[in-house]
Amino acid sequence: MEFNIKSGSPEKQRVACVIVGVYEARKLSFAADLLDRISNGFISDVLRRGDMEGKLGSTLVLHSVPHTLCDRVMLVGLGKERDFREKEYRDAVRASLAALAKTAAVEAVSYLTELTLKKRDVEWMIETAACLSLDAQYRFDQFKSKTDDAPRSLRKLTLSVSRRSDLAEGEVGLVRGLAIANGMKLARDLGNLPGNVCTPAYLADTARALAERFACECTVLEQDDMAELGMGSLLSVGKGSIQPPKLIVLKHNGGPAGQKPVVLVGKGITFDTGGISLKPGEGMDEMKFDMCGAASVLGAFQAAVEMKLPLNVITVVAAAENMPSGGASKPGDIVTSLSGQTIEILNTDAEGRLVLCDALTYCERFEPAAVVDVATLTGACIIALGHQASALFSNQDHLSRELQAAADEAADRVWPMPMWEEYHEVLKSNFADVANVGGRPGGSITAACFLSRFTKAYDWAHLDIAGVAWKSGKEKGATGRPVPLLTQFLQDRADTAAGNVVRRGRPRRDAADTSHDDDAAD
């Protein structure tokens, strides 16, 4: 889809659809009021008849509004003006996109990006609208021989700003929004691919393609390379599969030489049967999503590079397929990790932590500023937090606070979890340094405690995204989370490294200043 940023009055837009807002009690937004005035009260008359009351997320499409140049005017409910905040803005934008998809309009101009939000600026509003627009258009139908018939999709969306002086700020927001949306698309595409396509080798090829496209560095450690290093834990997971495991490393040298990198580590189990500890057959098809951690760090890496963040970023993906066979690891097996610690494998379905622990130890060689690993690690996380938030664990409070702030900014929620010493007790083994599981109680916590044993050399955080990485049921598919959170975290780090104040939105101009630059209108 093509995007434009423009300043101009709504009645002058020669376009298929103009989108404006209406608050509850039939109060018109500034753009809607302009249309109402030019049409001699046409919109007010419609509202008085009760066809729309401004309820948040409601929409009404009007055709042939007098004295306007557009084919349609879409009214979007904004709810109560005093309650209009970030969430309401997102809901209104989503509602407009859903309603637009039901029309034949192939181009539109949205004036929702001119609305006034406390502590939010033009850049944020444009960024959010662009990201939501591409996300709403996402389809994954490449394996269907026939696609469903649908109305013509939107090809061009113009996002309006009130003044020409806002155009530059809007363009910055557009670049960010498109980069995040593209990163989410990559993550969703990888997550939705079937396991017979998206193998560890496929992830490696994807990383190589990213490196070639953006002139970054890519290294792929093969099975023999990992064996030589002593990655016995990671290699144990792939023993039952004909697909060899890979350790994939991508580097974006956007910051100055000598700047310690931020490292993102992703769990890339491209299919998880549970191994010898075999999962139930029902719902096992969704275990193709067990590489969504890898998909999200690749998506965030792409977004960071597209945004040209002045930051050194490294992405590490530990990729393997967990299958049962005569060569697979067995419960009770003991393996030696890259750190030298021995691990008793009590459950082969707790494989994510086995690949991650070697990847986390490998990260020491980068002397990182911080390491964040992302994994669909435990079903216990879903029981604890549902599908709303990722679980956040960290060995440093300041890093945990950074990620929480980034999550709030990106509307990609996390919830901090404990890792008290008492939780470590259940990981003790009679036969090795540590067991890979500690029982059902506090399962997501004990999994994080296991990983923490391999991260003592640096600041580290762990995101368990099992509840947010994909949806089940009728809307089954990868969500692209937590790409927005990770990208915001990297942006914040880049701002801090450059000595800039971390942006958390800025108040817009005085609400009374709602003048348009009419000379910029088409």
# chains A, B, ... in the order shown; residues from 1 in each chain; ligands from 1
$ residues_around --residues "range 395-399 of chain A" --least-positions-apart "6" --cutoff "9 Å" --atoms "only C-alpha atoms" --output "list in words"
Ala370, Met419, Ser452, Thr455, Lys456, Tyr458, Asp459, Trp460 and Ala461 of chain A
$ select_by_dssp --residues "range 99-215 of chain A" --states "alpha helix (DSSP H)" --output "ChimeraX atom specification"
/A:99-101,122-136,167-192,200-214
$ select_by_dssp --residues "range 80-296 of chain A" --states "strand (DSSP E or B)" --output "ChimeraX atom specification"
/A:107-110,156-160,217-221,246-253,262-272
$ residues_around --residues "range 292-305 of chain A" --least-positions-apart "4" --cutoff "7 Å" --atoms "only C-alpha atoms" --output "list in words"
Ala179, Ile180, Asn182, Gly183, Met184, Leu186, Ala187, Leu190, Gly191, His252, Leu264, Val265, Gly266, Lys267, Gly268, Leu309, Thr315, Val317, Val374, Ala375, Thr376, Ala469, Gly480, Arg481, Pro482, Val483, Leu486 and Thr487 of chain A
$ residues_around --residues "Ala227 in chain A" --least-positions-apart "6" --cutoff "12 Å" --atoms "only C-alpha atoms" --output "list in words"
Leu221, Ser233, Leu234, Leu235, Ser236, Pro244, Pro245, Lys246, Leu247, Thr336, Ser337, Leu338 and Asp358 of chain A
$ atom_distance --atom1 "CA of Gln388 in chain A" --atom2 "CA of Ala406 in chain A"
15.8 Å
$ closest_residue --among "A:Ser44, A:Thr219, A:Asn4, A:Thr103" --to "Thr158 in chain A" --atoms "only C-alpha atoms"
A:Asn4
$ closest_residue --among "A:Thr270, A:Arg49, A:Pro310, A:Ala209" --to "Asn500 in chain A" --atoms "only C-alpha atoms"
A:Pro310
$ closest_residue --among "A:Lys288, A:Lys156, A:Lys279, A:Lys102" --to "Leu193 in chain A" --atoms "only C-alpha atoms"
A:Lys288
$ closest_residue --among "A:Gln223, A:Arg48, A:Gly340, A:Met1" --to "Gln137 in chain A" --atoms "only C-alpha atoms"
A:Met1
$ closest_residue --among "A:Pro200, A:Asp333, A:Glu409, A:Ala497" --to "Arg120 in chain A" --atoms "only C-alpha atoms"
A:Glu409
$ residues_around --residues "Ala207 in chain A" --least-positions-apart "2" --cutoff "8 Å" --atoms "only C-alpha atoms" --output "list in words"
Leu203, Ala204, Asp205, Ala209, Leu210, Ala211, Cys218, Ile248, Leu250 and Leu298 of chain A
$ write_last_selection --atoms "C-alpha atoms" --output "compact mmCIF listing (two decimals), in the first residue's frame"
# COMPACT_ATOMS: atom_id res chain seq x y z
CA LEU A 203 15.55 -19.50 8.89
CA ALA A 204 19.24 -19.40 8.04
CA ASP A 205 18.46 -18.55 4.42
CA ALA A 209 18.74 -12.68 2.60
CA LEU A 210 18.26 -9.95 5.22
CA ALA A 211 22.01 -9.49 5.46
CA CYS A 218 25.46 -12.89 8.80
CA ILE A 248 22.27 -17.89 13.22
CA LEU A 250 23.03 -11.22 12.32
CA LEU A 298 14.39 -11.26 13.03
$ residues_around --residues "Ser400 in chain A" --least-positions-apart "4" --cutoff "12 Å" --atoms "only C-alpha atoms" --output "list in words"
Ala370, Val371, Val372, Ala391, Leu392, Phe393, Ser394, Asn395, Gln396, Gln404, Ala405, Ala406, Ala407, Val414, Trp415, Pro416, Met417, Pro418, Asp459, Trp460, Ala461, His462, Leu463 and Phe489 of chain A
$ residues_around --residues "Val20 in chain A" --least-positions-apart "2" --cutoff "10 Å" --atoms "only C-alpha atoms" --output "JSON, numbers by chain"
{"A": [10, 17, 18, 22, 28, 29, 30, 31, 32, 33, 35, 59, 73, 74, 75, 76, 77, 78, 96, 109, 110, 111, 112, 113, 114, 115]}
